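entry25.txt (compact mmCIF, C-alpha atoms) appears below.
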# COMPACT_ATOMS: atom_id res chain seq x y z
CA MET A 1 -57.47 33.76 20.71
CA ARG A 2 -58.20 30.03 20.35
CA TRP A 3 -55.14 27.87 19.72
CA ILE A 4 -55.42 24.51 18.04
CA ARG A 5 -52.85 21.84 17.28
CA PHE A 6 -53.71 19.93 14.12
CA THR A 7 -52.43 17.71 11.32
CA ALA A 8 -53.08 18.50 7.67
CA ALA A 9 -51.44 16.83 4.67
CA GLY A 10 -49.18 14.81 6.97
CA LYS A 11 -47.81 17.85 8.83
CA THR A 12 -48.61 18.69 12.46
CA ALA A 13 -48.64 22.37 13.37
CA TYR A 14 -50.19 24.95 15.63
CA GLY A 15 -52.79 27.34 14.39
CA ILE A 16 -55.29 29.93 15.46
CA LEU A 17 -58.94 29.01 15.10
CA GLU A 18 -60.93 31.73 13.33
CA GLY A 19 -64.51 30.70 12.70
CA ASP A 20 -64.44 27.48 10.65
CA LYS A 21 -60.81 27.81 9.53
CA ILE A 22 -57.41 27.44 11.12
CA VAL A 23 -54.72 29.96 10.30
CA GLU A 24 -51.42 28.05 10.50
CA VAL A 25 -48.60 29.62 12.45
CA LYS A 26 -44.83 29.20 12.29
CA GLY A 27 -43.64 28.44 15.83
CA ASP A 28 -45.84 27.74 18.81
CA PRO A 29 -47.76 29.49 21.59
CA PHE A 30 -44.91 28.94 24.07
CA ALA A 31 -41.77 30.21 22.34
CA GLY A 32 -43.34 32.66 19.92
CA TYR A 33 -45.03 32.47 16.55
CA GLU A 34 -45.80 34.23 13.29
CA ARG A 35 -49.02 33.89 11.34
CA THR A 36 -48.55 32.32 7.92
CA SER A 37 -50.65 32.73 4.78
CA ARG A 38 -51.80 29.07 5.03
CA ALA A 39 -55.35 28.46 6.20
CA HIS A 40 -57.09 25.10 6.57
CA PRO A 41 -60.80 24.33 6.85
CA LEU A 42 -61.52 23.02 10.34
CA GLY A 43 -63.39 20.04 8.90
CA GLY A 44 -60.38 19.03 6.78
CA VAL A 45 -57.82 18.53 9.55
CA THR A 46 -57.17 16.05 12.32
CA ILE A 47 -57.34 17.78 15.69
CA GLU A 48 -54.45 16.70 17.91
CA VAL A 49 -53.96 16.89 21.67
CA PRO A 50 -53.26 20.55 22.50
CA VAL A 51 -49.72 19.92 23.76
CA ILE A 52 -47.34 17.06 24.46
CA PRO A 53 -46.35 18.06 27.97
CA PRO A 54 -42.98 17.16 29.45
CA THR A 55 -44.77 16.76 32.80
CA PHE A 56 -48.43 16.18 33.38
CA TYR A 57 -49.83 16.48 36.90
CA CYS A 58 -53.33 16.22 38.25
CA ALA A 59 -54.65 17.81 41.42
CA GLY A 60 -57.89 16.76 43.00
CA LYS A 61 -59.99 17.55 46.01
CA ASN A 62 -63.14 18.83 44.44
CA TYR A 63 -65.27 15.66 44.54
CA VAL A 64 -66.15 15.27 48.21
CA ALA A 65 -69.39 13.53 47.21
CA HIS A 66 -67.32 11.04 45.19
CA VAL A 67 -65.12 10.25 48.23
CA LYS A 68 -68.21 9.79 50.39
CA GLU A 69 -69.85 7.54 47.80
CA GLY A 70 -66.79 5.29 47.53
CA ALA A 71 -66.44 5.05 51.32
CA ALA A 72 -70.12 4.16 51.70
CA LYS A 73 -69.77 1.35 49.15
CA ARG A 74 -66.81 -0.02 51.12
CA GLY A 75 -68.61 0.40 54.46
CA GLU A 76 -65.98 2.86 55.71
CA ALA A 77 -66.01 6.37 57.09
CA PRO A 78 -65.01 8.85 54.36
CA LYS A 79 -61.50 10.30 54.62
CA ILE A 80 -61.72 13.75 53.07
CA PRO A 81 -58.22 15.01 52.22
CA GLU A 82 -57.14 18.26 53.86
CA LYS A 83 -55.14 19.31 50.79
CA PRO A 84 -55.52 18.44 47.09
CA ASP A 85 -54.02 15.10 46.08
CA MET A 86 -51.32 15.41 43.43
CA GLY A 87 -50.87 12.69 40.84
CA TYR A 88 -48.68 12.13 37.80
CA ARG A 89 -50.04 11.00 34.44
CA ALA A 90 -47.94 9.75 31.55
CA ALA A 91 -48.06 11.82 28.35
CA ASN A 92 -49.24 8.73 26.44
CA ALA A 93 -52.47 8.97 28.46
CA LEU A 94 -53.52 11.88 26.25
CA VAL A 95 -55.96 11.10 23.46
CA ALA A 96 -56.84 13.50 20.66
CA HIS A 97 -60.31 14.61 19.58
CA ASP A 98 -62.37 11.79 18.00
CA GLN A 99 -59.67 9.20 18.76
CA PRO A 100 -60.52 6.01 20.67
CA VAL A 101 -59.87 5.66 24.38
CA VAL A 102 -58.07 2.34 24.81
CA ILE A 103 -59.25 0.41 27.85
CA PRO A 104 -56.79 -2.27 28.98
CA SER A 105 -58.17 -5.79 28.59
CA ASP A 106 -57.45 -6.57 32.25
CA ALA A 107 -59.28 -3.47 33.56
CA THR A 108 -61.85 -4.42 36.18
CA LYS A 109 -63.43 -1.01 36.80
CA ILE A 110 -63.79 1.94 34.46
CA HIS A 111 -64.41 5.40 35.88
CA TYR A 112 -64.47 8.73 34.10
CA GLU A 113 -65.00 12.37 34.96
CA GLY A 114 -64.78 15.59 33.03
CA GLU A 115 -61.93 17.89 34.01
CA LEU A 116 -60.82 21.45 33.46
CA VAL A 117 -57.25 21.34 32.10
CA VAL A 118 -54.99 24.33 32.73
CA VAL A 119 -52.16 24.70 30.20
CA ILE A 120 -49.13 26.40 31.78
CA GLY A 121 -47.35 28.54 29.19
CA LYS A 122 -44.13 29.54 30.91
CA LYS A 123 -41.80 28.54 33.70
CA ALA A 124 -42.65 30.03 37.05
CA LYS A 125 -41.38 29.90 40.61
CA HIS A 126 -42.52 31.47 43.88
CA LEU A 127 -45.85 32.66 42.50
CA THR A 128 -48.26 34.57 44.68
CA ARG A 129 -52.02 34.41 44.65
CA GLU A 130 -52.02 37.74 42.80
CA ASN A 131 -49.70 36.68 39.93
CA ALA A 132 -50.35 32.93 39.72
CA LEU A 133 -52.53 33.21 36.60
CA SER A 134 -49.78 35.08 34.73
CA CYS A 135 -48.22 31.77 33.66
CA VAL A 136 -51.46 30.22 32.34
CA LEU A 137 -51.54 29.96 28.55
CA GLY A 138 -55.11 28.76 28.40
CA TYR A 139 -57.66 26.10 29.25
CA THR A 140 -59.03 22.99 27.59
CA ILE A 141 -61.16 20.04 28.64
CA GLY A 142 -60.09 16.60 29.71
CA ASN A 143 -61.61 13.26 30.60
CA ASP A 144 -59.84 11.67 33.55
What is this structure when it is put down as structure tokens?
Amino acid sequence: MRWIRFTAAGKTAYGILEGDKIVEVKGDPFAGYERTSRAHPLGGVTIEVPVIPPTFYCAGKNYVAHVKEGAAKRGEAPKIPEKPDMGYRAANALVAHDQPVVIPSDATKIHYEGELVVVIGKKAKHLTRENALSCVLGYTIGND
């Protein structure tokens, strides 16, 4: 199932993508939903960010080559982290499909990288390696 959050006729809703149409749902993928009889052509809606998260964290350790490259440019020895770095991002950092990325006028360096975004669908505590994926609603892409 492919979820999509969209705006049509001034109303933002969740829907299920089926081919080139979106079947609108009442509710959401987190608290429960019902399919409605309303369907919208994919090309006739504005695609929104998938969720407006109450918290938005990033974890990173996967770009060892990036750390080494930055250290080399600074003339330093690379410091590879032993554990993933955790970072917070504000929800207003999210930008929807086909919307402009606003670069602050005082920015001196712009960097980007594609990311796999994991959408957590339910509260969880004390997960094990075996059941950790049970709280994942789905995946999307991001540009950090």
- Query: From the set A:Asp144, A:Glu69, A:Glu48, A:Glu24, which residue has the shortest atom-to-atom contact distance to Glu115 in chain A, counting only C-alpha atoms?
  - Reply: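 Under the stated criterion, the closest residue is A:Asp144.
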- Message: Report, in Å with one decimal, the straight-line distance from CA of Val119 in chain A to CA of Pro84 in chain A.
- Response: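 Between CA of Val119 in chain A and CA of Pro84 in chain A the gap is 18.3 Å.
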- Between CA of Gly27 in chain A and CA of Thr140 in chain A, what is the distance, to one decimal in Å? 20.1 Å
- Would you mind listing what lies within 12 Å of Leu116 in chain A as a ChimeraX atom specification, with all atoms listed in the file counted and same-chain residues fewer than 4 positions away left out? /A:58-60,62,138-144
- Using all atoms listed in the file, can you list as number ranges by chain the residues within 12 Å of (-46.6, 22.1, 10.1)? A: 5-15, 23-28, 36, 38-40, 45
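Residues of protein, DNA or RNA having at least one counted atom within 8 Å of (-64.6, 11.3, 54.4), given only C-alpha atoms, are Val64, Val67, Lys68, Ala71, Ala77, Pro78, Lys79, Ile80 and Pro81 of chain A.
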- Measure the distance from CA of Val118 in chain A to CA of Ile52 in chain A in Å and round it to one decimal. 13.4 Å
- Query: Do you know which residues are at most 9 Å from range 90-96 of chain A counting all atoms listed in the file, after dropping those on the same chain fewer than 3 positions away, and could you put them as a PyMOL selection string?
  - Reply: chain A and resi 46-50+52-57+99-101+142
